[in-house]
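K.L.:
One structure is given below, represented as structure tokens, and several questions about it will come after.
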Amino acid sequence: MLTVVLKAFDRVFDPVNIALIYLLPVMLSAMYGRIRPAIFTAVAGVLAFDFYFVPPSLSFTVADLRYLVSFSVFLAVAILTATLAARLKQQLYYAERREALTASLYALSRQMSAITDIRALLDNVTQVVSRTIGTEAAVFLPDENRELTLTSRSSPHSDWGAGKSEQAVARLAFEHGEPVGKGTNTLRAASAYYVPFRTEDRTYGVLAVNLKETSASFSPDNLRLLEAMADLAANAIARVKFAEEAKIAQLTAESERLRTALLDSVSHELRTPLATIAGSVTGLMEGDELFSKEERMELLTTVRDGAMRMNRLVTNLLGMAQLESGMLRLRKQWCDMGELIGVALAHLKAFQQHRTFKVSLPDELPFVLGDEALLEQLLVNVISNAIKYSPDSSEIRIEVKSGFNRMTVSVADQGIGIPPADRELVFRKFYRSHAARHVTGTGLGLAICRGIIELHGGTIAAEPNGGKGTIISFTLPAEQTAE
Amino acid sequence: MSVPDSGARVLIIDDEPQIRKLLKVNLHAHRYDILEAATGEEGLLHASTLHPDLIVLDLGLPDLSGMEVLQQLREWSRVPIIVLTAKDREADKIAALDGGADDYVTKPFGMGELVARIRVALRHVAKSDDEPVLQFGELKIDLAGRLVTLHGERVKLTPTEYDLLKVLASHAGKVVTQRQLLQQVWGGHHHESDSHYLRIYIGHLRKKLDEDPTCPRYIMTEPGIGYRFLAGDFLDF
């Protein structure tokens with residue numbers, strides 16, 4: 001084809017130019033075809049050149065032997081060019097492939113950092129490996145007994161990977177920490193390639209690739225890819241495991257804290273009244289004649305107060321335990337909040353210590369649906385707090401307001417108040433505000449209140465009482481009207 | 001109201017030796033005659049052979065449960081029974097009261113409370129049912145004429161309110177469960193949800209008796225259990 005074109009230029013170009021132009025098709029065929037067609041083109045070019053352009057024209061004989069040299073040079077150059085072009089093309093192909101592999105590795109790595117579920121992660125690995133290398137892949141993970149089990153596979157329908165032999169080979173890879181199988185020094189005859197995923201100190205599992213079907217050799221690129229994926233998977237699994245362990249450690253630390261707080265609190269709160277009881281009673285027993293009637297009465301009062309304090313502690317502990325265990329069942333009835341406030345106040349009469357109480361109820365007081373005994377305990381806890389943290393002769397105001405479907409009860413004292421940072425924390429178990437450290441207490445009262453309120457579907461909160469003191473208010477679902 | 005019932009025989013059925021000792025010493029000081037039993041079986045035996053005037057029964061007995069002892073006693077005896085209960089066991093208390101117990105105290109209890117309840121129980125047994133007028137300070141209830149006066153002024157009550165007051169007042173000092181009130185005032189069987197009516201009427205009654213629910217004089221609420229008319233002033237543990 002080219003010959004025809006060139007013939008036209010015969011008069012214009014020198015034979016030398018024409019020879020060089022013959023190189024063009026050679027290069028083109030090398031670039032777009034493969035090396036054989038390129039060589040064919042080279043030879044065909046020489047022959048055509050000889051036939052058409054070398055005198056005597058239109059024959060294959062060569063008049064001038066010098067042309068033979070030219071022909072050989074031309075052929076050599078042509079073939080070299082073809083070879084180089086072909087190789088270039090192949091290198092381009094490999095480079096593109098490598099880039100594709102790297103891209104998929106990168107994508108997998110990003111996916112892995114997003115997936116926190118090991119299962120999904122491994123499924124992803126097998127899918128990507130299978131896609132990239134073009135064969136089946138499978139992952140083996142150790143179970144509780146350190147036995148390797150098939151955990152995920154790229155094609156769920158084949159039974160490759162589930163067999164004993166595959167498991168045995170996988171186990172070998174797992175234990176040695178080195179790749180095993182086709183293409184390695186160990187168990188070459190195996191039909192698959194097994195690479196363990198490991199970090200420096202631990203092996204987490206084995207990735208296996210079924211090479212039985214593929215005739216293609218296992219290229220170094222693929223090998224590197226597999227190893228890179230195994231590393232990625234190992235790191236991802238390690239990361240997930242560390243996260244789990246961190247969470248467990250955190251929970252353990254928290255329950256340690258509670259247990260310590262409980263033991264400290266209970267120990268102190270029990271021993272103090274016990275000490276006063278033991279001391280007072282032994283004093284009376286051993287030195288009865290020494291005391292006047294008033295002194296005797298005082299010691300006895302101390303004993304009684306100590307007993308009451310211990311009783312309250314036990315009640316609080318039991319209450320907390322019941323709330324925690326979720327065993328508390330509400331005995332729901334329509335309750336009259338006014339009545340319950342009356343009971344709570346009567347209950348606390350001995351503790352009132354010169355506090356004045358002002359109670360205000362609305363004219364129409366709706367009933368609340370709740371457990372009477374628990375609501376009474378709630379009131380007792382809130383009111384006794386108000387007494388405890390306020391000075392003698394101060395006023396405590398209890399107000400009940402009814403709104404749409406809800407009732408709000410607030411207990412306001414003029415005491416030491418709660419700093420803003422603690423206002424939510426005081427409802428936590430065993431939490432005691434720093435400001436209240438000089439007052440005895442377990443830190444359970446308000447936590448129990450919150451527990452009871454939540455069981456009733458209400459809310460409880462603390463807020464400051466103007467400049468001085470605290471208002472604890474809680475809301476409960478209530479009837480619409482009093483009737 | 002403070003005349004000791006000297007010579008009244010009280011049977012204590014409790015498995016805890018310290019409680020028995022405590023009760024024995026204290027009640028003896030109040031001039032009661034004390035009998036003891038450490039088990040339910042022993043208690044039943046003493047009850048049938050020694051005829052106590054009142055029984056103090058611990059609900060938490062190990063062998064025969066306290067409830068069983070109560071039931072068996074009530075099969076043949078009307079002797080007043082006061083039960084000792086643990087805290088937070090409302091259901092137990094109600095079951096005991098509805099099952100025939102006259103009253104209860106919750107451990108730990110103040111001695112004054114127990115003694116008062118014993119006295120009330122003994123008094124209710126002793127008095128005849130034909131008392132025409134009940135008087136509680138400024139409150140006077142004329143049962144014959146169905147007339148109630150407070151500070152000398154007539155209190156107008158609806159029939160239901162009057163019946164309610166009558167039941168409470170007839171058991172003055174003793175606890176009356178919600179169910180007992182519903183049964184005696186409204187008759188028939190009742191559901192727990194009927195406590196709604198009860199509360200409403202108690203509220204009305206209080207208003208008419210000029211009573212502040214947050215500081216009641218006559219009608220005391222026993223949360224989760226019922227009401228007690230004129231409880232008196234005792235230290236609540």
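Every chain in the structure tokens has a letter given in the order shown (A, B, ...), and although residue numbers restart at 1 in each chain, ligands are simply numbered from 1 in the order shown.
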Within 6 Å of chain A, which residues of chain B come that close, and what is the closest atom pair and distance in Å for each? Count only C-alpha atoms and give it as JSON lines.
P.N.:
```
{"residue": "B:His196", "atom": "CA", "partner": "A:Trp334", "partner_atom": "CA", "distance": 5.6}
{"residue": "B:Pro213", "atom": "CA", "partner": "A:Glu339", "partner_atom": "CA", "distance": 5.0}
{"residue": "B:Thr214", "atom": "CA", "partner": "A:Gly342", "partner_atom": "CA", "distance": 3.6}
{"residue": "B:Cys215", "atom": "CA", "partner": "A:Gly342", "partner_atom": "CA", "distance": 5.3}
{"residue": "B:Pro223", "atom": "CA", "partner": "A:Ala373", "partner_atom": "CA", "distance": 5.2}
{"residue": "B:Gly224", "atom": "CA", "partner": "A:Glu372", "partner_atom": "CA", "distance": 5.1}
{"residue": "B:Asp236", "atom": "CA", "partner": "A:His347", "partner_atom": "CA", "distance": 5.6}
```
K.L.:
For the residues in that selection, give me C-alpha atoms as a JSON list (two decimals), in the first residue's frame.
P.N.:
```
[["chain", "number", "residue", "atom", "x", "y", "z"],
["B", 196, "HIS", "CA", -60.14, 6.30, 92.58],
["B", 213, "PRO", "CA", -54.43, 16.86, 103.82],
["B", 214, "THR", "CA", -50.84, 17.93, 104.26],
["B", 215, "CYS", "CA", -51.33, 18.17, 107.99],
["B", 223, "PRO", "CA", -49.47, 4.82, 101.61],
["B", 224, "GLY", "CA", -50.23, 1.79, 99.53],
["B", 236, "ASP", "CA", -42.03, 6.95, 112.68]]
```
K.L.:
Using only C-alpha atoms, which residue out of B:Arg154, B:Gly145, B:Gln135, B:Leu97 lies closest to Gln178 (chain B)?
P.N.:
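Among B:Arg154, B:Gly145, B:Gln135, B:Leu97, it is B:Leu97 that comes nearest to Gln178 (chain B).
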K.L.:
Taking 5 positions as the minimum chain separation for residues in the same chain, which residues sit within 9 Å of Val120 (chain B) when counting only C-alpha atoms? Answer as JSON, numbers by chain.
P.N.:
{"B": [115, 125, 171, 172, 173, 174]}
K.L.:
Save out the residues we just selected, N, CA and C atoms, as an mmCIF file, in the first residue's frame.
P.N.:
```
data_model
loop_
_atom_site.group_PDB
_atom_site.id
_atom_site.type_symbol
_atom_site.label_atom_id
_atom_site.label_comp_id
_atom_site.auth_asym_id
_atom_site.auth_seq_id
_atom_site.Cartn_x
_atom_site.Cartn_y
_atom_site.Cartn_z
ATOM 1 N N VAL B 115 -47.083 -0.457 121.229
ATOM 2 C CA VAL B 115 -47.925 -0.467 122.428
ATOM 3 C C VAL B 115 -49.266 0.196 122.143
ATOM 4 N N VAL B 125 -61.795 -4.827 120.896
ATOM 5 C CA VAL B 125 -62.388 -6.111 121.269
ATOM 6 C C VAL B 125 -63.280 -5.944 122.491
ATOM 7 N N HIS B 171 -63.262 2.158 113.591
ATOM 8 C CA HIS B 171 -61.985 1.467 113.738
ATOM 9 C C HIS B 171 -60.910 2.424 114.209
ATOM 10 N N ALA B 172 -61.304 3.451 114.917
ATOM 11 C CA ALA B 172 -60.364 4.502 115.304
ATOM 12 C C ALA B 172 -59.082 3.916 115.861
ATOM 13 N N GLY B 173 -57.947 4.384 115.353
ATOM 14 C CA GLY B 173 -56.655 3.919 115.825
ATOM 15 C C GLY B 173 -56.164 2.702 115.072
ATOM 16 N N LYS B 174 -57.066 2.024 114.372
ATOM 17 C CA LYS B 174 -56.656 0.831 113.623
ATOM 18 C C LYS B 174 -56.575 1.162 112.148
#
```
K.L.:
Can you check which residues of region 7-218 of chain B DSSP gives as strand (DSSP E or B) on the backbone and send them as an MDAnalysis selection string?
P.N.:
chainID B and resid 9:13 33:37 54:58 81:85 103:106 133:136 139:142 147:150 153:154 175:177
K.L.:
Write out as a PyMOL selection string all residues of region 85-146 of chain B that DSSP puts in alpha helix (DSSP H) for this structure's backbone.
P.N.:
chain B and resi 90-98+111-126
K.L.:
Just want the 10 Å neighbourhood of region 458-468 of chain A, counted on only C-alpha atoms, with same-chain residues fewer than 4 positions away dropped. Output as an NGL selection string.
P.N.:
:A and (390 or 406-420 or 422-427 or 446 or 449-454 or 472-477)
K.L.:
Output the selection as an mmCIF file, in the first residue's frame - C-alpha atoms for each residue.
P.N.:
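Saved the output as again-v9.cif:
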```
data_model
loop_
_atom_site.group_PDB
_atom_site.id
_atom_site.type_symbol
_atom_site.label_atom_id
_atom_site.label_comp_id
_atom_site.auth_asym_id
_atom_site.auth_seq_id
_atom_site.Cartn_x
_atom_site.Cartn_y
_atom_site.Cartn_z
ATOM 1 C CA SER A 390 -30.413 24.102 105.040
ATOM 2 C CA ARG A 406 -48.885 17.014 84.324
ATOM 3 C CA MET A 407 -48.282 17.904 87.913
ATOM 4 C CA THR A 408 -45.200 19.670 89.160
ATOM 5 C CA VAL A 409 -44.062 19.490 92.750
ATOM 6 C CA SER A 410 -41.252 21.694 93.913
ATOM 7 C CA VAL A 411 -39.411 21.733 97.204
ATOM 8 C CA ALA A 412 -37.444 24.881 97.840
ATOM 9 C CA ASP A 413 -34.946 25.358 100.630
ATOM 10 C CA GLN A 414 -32.757 28.237 101.738
ATOM 11 C CA GLY A 415 -29.627 26.243 102.255
ATOM 12 C CA ILE A 416 -26.180 25.833 100.804
ATOM 13 C CA GLY A 417 -27.386 25.365 97.251
ATOM 14 C CA ILE A 418 -25.881 23.277 94.471
ATOM 15 C CA PRO A 419 -23.139 24.705 92.232
ATOM 16 C CA PRO A 420 -24.136 24.851 88.554
ATOM 17 C CA ASP A 422 -23.214 19.685 89.966
ATOM 18 C CA ARG A 423 -26.853 20.272 89.188
ATOM 19 C CA GLU A 424 -27.123 17.293 86.895
ATOM 20 C CA LEU A 425 -24.468 15.221 88.655
ATOM 21 C CA VAL A 426 -26.207 15.144 92.024
ATOM 22 C CA PHE A 427 -28.689 12.673 90.544
ATOM 23 C CA LEU A 446 -31.484 11.834 94.661
ATOM 24 C CA CYS A 449 -35.606 9.846 93.342
ATOM 25 C CA ARG A 450 -34.620 9.935 89.726
ATOM 26 C CA GLY A 451 -35.103 6.194 89.421
ATOM 27 C CA ILE A 452 -38.593 6.382 90.894
ATOM 28 C CA ILE A 453 -39.548 9.369 88.771
ATOM 29 C CA GLU A 454 -38.383 7.717 85.615
ATOM 30 C CA ILE A 472 -35.830 20.410 93.474
ATOM 31 C CA SER A 473 -38.826 19.982 91.247
ATOM 32 C CA PHE A 474 -40.307 16.920 89.671
ATOM 33 C CA THR A 475 -43.159 16.411 87.294
ATOM 34 C CA LEU A 476 -45.505 13.476 87.009
ATOM 35 C CA PRO A 477 -48.221 12.581 84.564
#
```
K.L.:
For the atom pair CA of Ala137 (chain A) and CA of Val209 (chain A), what is the interatomic distance in Å to one decimal place?
P.N.:
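Atom-to-atom, CA of Ala137 (chain A) and CA of Val209 (chain A) are spaced 4.5 Å apart.
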K.L.:
Neighbouring residues of region 251-259 of chain A were defined as those with any atom within 12 Å, considering only C-alpha atoms; residues of the same chain fewer than 3 positions away were excluded. Please report them as a list in words.
P.N.:
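Here the qualifying residues turn out to be Glu244, Glu245, Ala246, Lys247, Ile248, Leu262, Leu263, Asp264, Ser265, Val266, Ser267, Arg428, Lys429, Phe430, Tyr431, Gly443 and Leu444 of chain A.
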